[in-house]
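Quick look at coords_5.cif (mmCIF, C-alpha atoms):
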```cif
data_work
loop_
_atom_site.label_atom_id
_atom_site.label_comp_id
_atom_site.auth_asym_id
_atom_site.auth_seq_id
_atom_site.Cartn_x
_atom_site.Cartn_y
_atom_site.Cartn_z
CA MET A 582 0.73 -42.69 -0.79
CA THR A 583 3.87 -44.76 -1.39
CA ARG A 584 6.98 -42.99 -0.18
CA ALA A 585 9.83 -42.90 -2.67
CA VAL A 586 12.37 -41.87 -0.02
CA GLU A 587 12.48 -43.08 3.59
CA VAL A 588 15.02 -42.18 6.25
CA THR A 589 14.91 -43.85 9.67
CA GLU A 590 16.71 -42.67 12.81
CA LEU A 591 19.27 -41.03 10.53
CA SER A 592 22.29 -39.34 12.07
CA LYS A 593 25.53 -37.95 10.71
CA TRP A 594 28.39 -36.53 12.69
CA PHE A 595 31.80 -35.17 11.76
CA GLY A 596 34.07 -35.63 14.76
CA GLN A 597 32.36 -33.76 17.60
CA LYS A 598 29.96 -31.91 15.27
CA VAL A 599 26.51 -33.44 14.81
CA ALA A 600 25.07 -32.36 11.46
CA VAL A 601 21.95 -34.57 11.40
CA SER A 602 20.48 -36.15 14.53
CA GLU A 603 17.98 -39.02 14.63
CA VAL A 604 15.82 -37.87 11.71
CA SER A 605 12.98 -40.12 10.60
CA VAL A 606 10.91 -38.86 7.68
CA GLY A 607 9.51 -40.02 4.34
CA PHE A 608 8.95 -38.28 1.01
CA ALA A 609 6.16 -39.17 -1.41
CA PRO A 610 5.73 -38.11 -5.06
CA GLY A 611 5.11 -34.38 -5.39
CA VAL A 612 7.11 -31.40 -4.17
CA THR A 613 8.31 -31.35 -0.57
CA GLY A 614 10.11 -28.35 0.85
CA ILE A 615 12.93 -28.82 3.35
CA LEU A 616 13.03 -25.63 5.36
CA GLY A 617 15.57 -24.43 7.89
CA PRO A 618 18.19 -21.77 8.61
CA ASN A 619 21.71 -22.09 7.27
CA GLY A 620 23.53 -24.80 9.22
CA ALA A 621 20.32 -26.66 10.07
CA GLY A 622 21.54 -29.87 8.40
CA LYS A 623 19.51 -29.63 5.18
CA SER A 624 22.44 -30.15 2.80
CA THR A 625 23.83 -33.04 4.84
CA LEU A 626 20.41 -34.72 4.83
CA LEU A 627 20.21 -34.40 1.04
CA ARG A 628 23.74 -35.80 0.61
CA LEU A 629 22.82 -38.76 2.80
CA ILE A 630 19.67 -39.38 0.75
CA THR A 631 21.62 -39.32 -2.52
CA GLY A 632 24.36 -41.59 -1.18
CA LEU A 633 27.13 -39.01 -1.30
CA GLN A 634 27.76 -39.45 2.43
CA VAL A 635 27.64 -42.49 4.67
CA PRO A 636 25.22 -42.34 7.63
CA SER A 637 26.85 -42.50 11.05
CA GLN A 638 23.66 -44.13 12.26
CA GLY A 639 20.27 -45.08 10.84
CA SER A 640 19.20 -45.99 7.33
CA VAL A 641 18.24 -44.49 3.97
CA ARG A 642 15.97 -46.08 1.39
CA VAL A 643 15.49 -44.55 -2.05
CA LEU A 644 12.96 -46.32 -4.27
CA GLY A 645 13.20 -49.25 -1.86
CA VAL A 646 16.98 -49.68 -1.80
CA ASP A 647 20.02 -48.36 0.07
CA PRO A 648 21.78 -46.02 -2.41
CA ARG A 649 25.16 -46.89 -0.92
CA LYS A 650 24.65 -50.61 -1.56
CA ASP A 651 22.71 -50.52 -4.84
CA PRO A 652 24.32 -47.99 -7.20
CA GLY A 653 21.77 -48.92 -9.86
CA VAL A 654 19.34 -46.53 -8.20
CA TYR A 655 21.50 -43.57 -9.23
CA SER A 656 20.06 -43.79 -12.75
CA LYS A 657 16.72 -42.78 -11.23
CA VAL A 658 17.99 -40.01 -8.94
CA SER A 659 19.37 -36.55 -9.75
CA LEU A 660 20.93 -33.95 -7.48
CA VAL A 661 21.28 -30.22 -8.03
CA PRO A 662 23.87 -29.28 -5.37
CA GLU A 663 24.12 -25.89 -3.72
CA ASP A 664 27.76 -25.68 -4.78
CA GLU A 665 28.56 -24.42 -8.27
CA ALA A 666 29.48 -27.93 -9.51
CA VAL A 667 30.00 -26.85 -13.11
CA TYR A 668 32.99 -26.83 -15.49
CA PRO A 669 33.44 -23.17 -16.49
CA SER A 670 35.29 -24.08 -19.70
CA LEU A 671 32.38 -26.15 -21.05
CA THR A 672 29.51 -24.66 -22.94
CA CYS A 673 26.08 -25.13 -21.46
CA ARG A 674 25.22 -27.71 -24.12
CA GLU A 675 28.46 -29.62 -23.54
CA PHE A 676 27.76 -29.69 -19.79
CA VAL A 677 24.27 -31.13 -20.28
CA GLU A 678 25.57 -33.57 -22.92
CA LEU A 679 28.25 -34.75 -20.47
CA ASN A 680 25.62 -35.48 -17.85
CA ALA A 681 23.46 -37.23 -20.45
CA SER A 682 26.42 -39.41 -21.42
CA LEU A 683 27.21 -40.29 -17.81
CA ALA A 684 23.57 -41.27 -17.28
CA GLY A 685 23.52 -43.42 -20.41
CA VAL A 686 21.02 -41.22 -22.23
CA THR A 687 21.23 -41.91 -25.96
CA ARG A 688 18.28 -39.89 -27.29
CA ARG A 689 19.89 -36.74 -28.69
CA SER A 690 16.68 -34.74 -28.46
CA SER A 691 16.74 -35.12 -24.66
CA VAL A 692 19.43 -32.45 -24.40
CA ASP A 693 17.46 -30.04 -26.59
CA ASP A 694 14.31 -30.73 -24.59
CA VAL A 695 15.79 -29.83 -21.20
CA LEU A 696 17.62 -26.78 -22.54
CA GLU A 697 14.30 -25.52 -23.85
CA GLN A 698 12.62 -26.42 -20.55
CA VAL A 699 14.96 -24.13 -18.60
CA ALA A 700 14.96 -21.44 -21.33
CA LEU A 701 18.66 -21.78 -22.19
CA THR A 702 18.41 -22.81 -25.84
CA ALA A 703 19.64 -19.44 -27.09
CA ASP A 704 22.61 -19.46 -24.69
CA ALA A 705 23.52 -23.14 -25.05
CA GLY A 706 26.71 -22.33 -26.97
CA ARG A 707 28.11 -19.99 -24.31
CA ARG A 708 30.65 -21.18 -21.74
CA LEU A 709 29.37 -21.70 -18.22
CA GLY A 710 32.11 -19.40 -16.90
CA GLU A 711 30.35 -16.54 -18.71
CA PHE A 712 26.98 -17.29 -17.13
CA SER A 713 25.43 -15.41 -14.23
CA LYS A 714 24.79 -17.44 -11.09
CA GLY A 715 21.10 -17.70 -11.93
CA MET A 716 21.89 -19.03 -15.41
CA ARG A 717 24.30 -21.58 -13.96
CA GLN A 718 21.52 -22.72 -11.62
CA ARG A 719 19.28 -23.33 -14.64
CA ALA A 720 22.09 -25.20 -16.41
CA LYS A 721 22.47 -27.46 -13.35
CA VAL A 722 18.72 -28.13 -13.36
CA ALA A 723 18.87 -29.02 -17.07
CA ALA A 724 21.76 -31.42 -16.42
CA ALA A 725 19.79 -33.05 -13.61
CA LEU A 726 16.63 -33.50 -15.67
CA VAL A 727 18.23 -34.88 -18.83
CA SER A 728 18.12 -38.46 -17.45
CA GLU A 729 14.39 -38.17 -16.64
CA PRO A 730 14.90 -39.17 -12.98
CA GLU A 731 12.13 -40.32 -10.65
CA VAL A 732 13.64 -38.53 -7.63
CA ILE A 733 14.99 -34.97 -8.00
CA VAL A 734 16.91 -33.44 -5.09
CA LEU A 735 17.47 -29.67 -5.24
CA ASP A 736 19.67 -27.93 -2.67
CA GLU A 737 18.90 -24.18 -2.54
CA PRO A 738 18.20 -24.14 -6.32
CA LEU A 739 16.92 -20.54 -6.37
CA ASN A 740 20.10 -18.96 -5.00
CA GLY A 741 21.31 -16.22 -7.33
CA ALA A 742 18.27 -16.35 -9.58
CA ASP A 743 16.44 -13.11 -10.38
CA PRO A 744 12.64 -12.90 -9.86
CA VAL A 745 11.82 -13.99 -13.41
CA GLN A 746 14.23 -16.94 -13.22
CA ARG A 747 12.84 -17.90 -9.81
CA ALA A 748 9.28 -17.92 -11.11
CA HIS A 749 10.35 -20.05 -14.09
CA LEU A 750 12.24 -22.58 -11.95
CA ILE A 751 9.37 -22.83 -9.46
CA GLU A 752 6.98 -23.63 -12.30
CA ILE A 753 9.36 -26.36 -13.52
CA PHE A 754 9.49 -27.91 -10.04
CA LEU A 755 5.69 -27.76 -9.70
CA GLY A 756 5.34 -29.42 -13.10
CA LEU A 757 7.67 -32.24 -12.06
CA GLY A 758 5.59 -32.79 -8.94
CA ARG A 759 2.36 -32.87 -10.95
CA ALA A 760 3.98 -35.45 -13.25
CA GLY A 761 4.45 -37.79 -10.28
CA LYS A 762 8.13 -37.16 -9.64
CA THR A 763 9.42 -37.00 -6.07
CA VAL A 764 10.96 -33.53 -5.74
CA LEU A 765 12.86 -32.43 -2.62
CA VAL A 766 13.68 -28.71 -2.50
CA SER A 767 15.69 -27.17 0.33
CA SER A 768 15.56 -23.49 1.23
CA HIS A 769 16.01 -21.19 4.21
CA VAL A 770 13.30 -18.83 2.92
CA LEU A 771 9.74 -19.72 3.94
CA SER A 772 8.11 -17.56 1.26
CA GLU A 773 10.02 -19.44 -1.45
CA VAL A 774 9.01 -22.83 -0.12
CA GLU A 775 5.37 -21.75 0.19
CA ARG A 776 5.28 -21.03 -3.56
CA MET A 777 6.40 -24.48 -4.65
CA ALA A 778 5.58 -27.05 -1.96
CA GLU A 779 2.45 -28.08 -0.10
CA GLN A 780 4.36 -30.43 2.22
CA LEU A 781 7.11 -29.12 4.44
CA VAL A 782 9.85 -30.63 6.56
CA ALA A 783 11.41 -28.12 8.95
CA MET A 784 14.88 -28.70 10.40
CA VAL A 785 16.65 -26.92 13.25
CA ASP A 786 20.12 -27.81 14.57
CA GLY A 787 20.17 -31.07 12.64
CA ARG A 788 16.86 -32.31 14.03
CA LEU A 789 13.41 -32.67 12.55
CA ALA A 790 11.48 -29.73 14.06
CA ALA A 791 8.15 -30.09 12.26
CA GLU A 792 6.47 -31.87 9.37
CA GLY A 793 3.19 -31.16 7.61
CA THR A 794 1.41 -28.86 5.20
CA VAL A 795 2.40 -25.24 4.74
CA GLY A 796 -0.83 -24.19 6.45
CA SER A 797 -0.37 -26.39 9.50
CA LEU A 798 3.23 -25.29 10.05
CA ARG A 799 2.36 -21.64 9.56
CA ALA A 800 -0.47 -21.96 12.08
CA ALA A 801 1.98 -23.37 14.63
CA MET A 802 4.14 -20.22 14.45
CA THR A 803 2.25 -18.43 17.20
CA ASP A 804 5.04 -15.87 17.66
CA LYS A 805 4.68 -14.63 14.07
CA PRO A 806 1.94 -12.17 13.06
CA ARG A 807 -0.57 -13.33 10.46
CA ILE A 808 -2.48 -11.37 7.85
CA VAL A 809 -5.79 -12.80 6.67
CA HIS A 810 -7.26 -11.59 3.37
CA ILE A 811 -11.00 -12.02 2.86
CA SER A 812 -12.59 -11.30 -0.51
CA SER A 813 -16.33 -11.09 -1.10
CA ASP A 814 -18.73 -9.99 -3.80
CA ARG A 815 -20.44 -7.81 -1.16
#
```
Take the structure I supplied and represent it as structure tokens, if you would.
Amino acid sequence: MTRAVEVTELSKWFGQKVAVSEVSVGFAPGVTGILGPNGAGKSTLLRLITGLQVPSQGSVRVLGVDPRKDPGVYSKVSLVPEDEAVYPSLTCREFVELNASLAGVTRRSSVDDVLEQVALTADAGRRLGEFSKGMRQRAKVAAALVSEPEVIVLDEPLNGADPVQRAHLIEIFLGLGRAGKTVLVSSHVLSEVERMAEQLVAMVDGRLAAEGTVGSLRAAMTDKPRIVHISSDR
């Protein structure tokens, strides 16, 4: 399958600190989970992919181009950062409309569509500063989806969401993957990633530790106990 995102021998360091070290990996359409403990380099990798940071070494290709050299690709890429990244004085609708305007989206119904998609239509007139963290996460997802991007990058998007909100967001991400979008979702919780991604990339200390299906990576964890459920009509 054609890979929408390719990174080759990618490294990023800040002074003496190495955040990402010699990572080579590709991401195809569908949902891929990026798994690793806090400080593993997941966020830095996502910022490098989206062009927010300059690689110290190696290369990034998104939809065939270097995002740092071809800004036109940004119209096809959206990022939901781990940071709050919202204007508390704006209403939810104003925030999504602002992102639509920046992306050059002219179809007014696009804003209504994504607000409905994340179940925020009824709260669209409230200011983001009044929202819970889980609601702000959904507002950020709506803002990211309003431009109908081909590549969606989500950095710990379930943080602060309650179980119902988590289930709703996971279903949205799965739907995007089924629609042929390339969805990258980072998390430090294996059980979360298992629910929304078949392909996994595991990072430890800035390096690529493992890559494969959820089943193959789980099978490699020989130090972790496994429970096997068998159901039968007899």
Long-range neighbours of range 656-673 of chain A as a ChimeraX atom specification, 7 Å cut-off, all atoms listed in the file, 3 positions minimum in chain: /A:653,676-677,684,705-710,720-722,725,730-738
Given the file shown, enumerate the residues that the PyMOL selection byres ((chain A and resi 599) around 10) captures and present them as a ChimeraX atom specification. /A:592-598,600-602,622,637,786-788
I'd like the contact shell of Val646 in chain A - 12 Å cut-off, only C-alpha atoms, skipping same-chain residues fewer than 2 positions apart - returned as a PyMOL selection string. chain A and resi 585-588+630-632+640-644+648-655+657
Residues picked by the PyMOL selection byres ((chain A and resi 776) around 10) here, as a compact mmCIF listing (two decimals) with C-alpha atoms, in the coordinates of the input?
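The file below, expr.txt, is the result:
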```
# COMPACT_ATOMS: atom_id res chain seq x y z
CA GLY A 614 10.11 -28.35 0.85
CA ALA A 748 9.28 -17.92 -11.11
CA ILE A 751 9.37 -22.83 -9.46
CA GLU A 752 6.98 -23.63 -12.30
CA LEU A 755 5.69 -27.76 -9.70
CA LEU A 771 9.74 -19.72 3.94
CA SER A 772 8.11 -17.56 1.26
CA GLU A 773 10.02 -19.44 -1.45
CA VAL A 774 9.01 -22.83 -0.12
CA GLU A 775 5.37 -21.75 0.19
CA MET A 777 6.40 -24.48 -4.65
CA ALA A 778 5.58 -27.05 -1.96
CA GLU A 779 2.45 -28.08 -0.10
CA VAL A 795 2.40 -25.24 4.74
```
Between A:Leu750, A:Val745, A:Ile808, A:Ala681, which has the minimum distance to Val727 in chain A (counting all atoms listed in the file)?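 Selected residue with least distance to Val727 in chain A: A:Ala681.
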Could you list, as a PyMOL selection string, every residue within 12 Å of Asp704 in chain A, counting only C-alpha atoms and ignoring same-chain residues fewer than 5 positions away? chain A and resi 672-675+693+696-697+699+709+711-713+716-717+719-720
Those selected residues, please, written with C-alpha atoms and delivered as a compact mmCIF listing (two decimals), in the frame of the given file.
```txt
# COMPACT_ATOMS: atom_id res chain seq x y z
CA THR A 672 29.51 -24.66 -22.94
CA CYS A 673 26.08 -25.13 -21.46
CA ARG A 674 25.22 -27.71 -24.12
CA GLU A 675 28.46 -29.62 -23.54
CA ASP A 693 17.46 -30.04 -26.59
CA LEU A 696 17.62 -26.78 -22.54
CA GLU A 697 14.30 -25.52 -23.85
CA VAL A 699 14.96 -24.13 -18.60
CA LEU A 709 29.37 -21.70 -18.22
CA GLU A 711 30.35 -16.54 -18.71
CA PHE A 712 26.98 -17.29 -17.13
CA SER A 713 25.43 -15.41 -14.23
CA MET A 716 21.89 -19.03 -15.41
CA ARG A 717 24.30 -21.58 -13.96
CA ARG A 719 19.28 -23.33 -14.64
CA ALA A 720 22.09 -25.20 -16.41
```
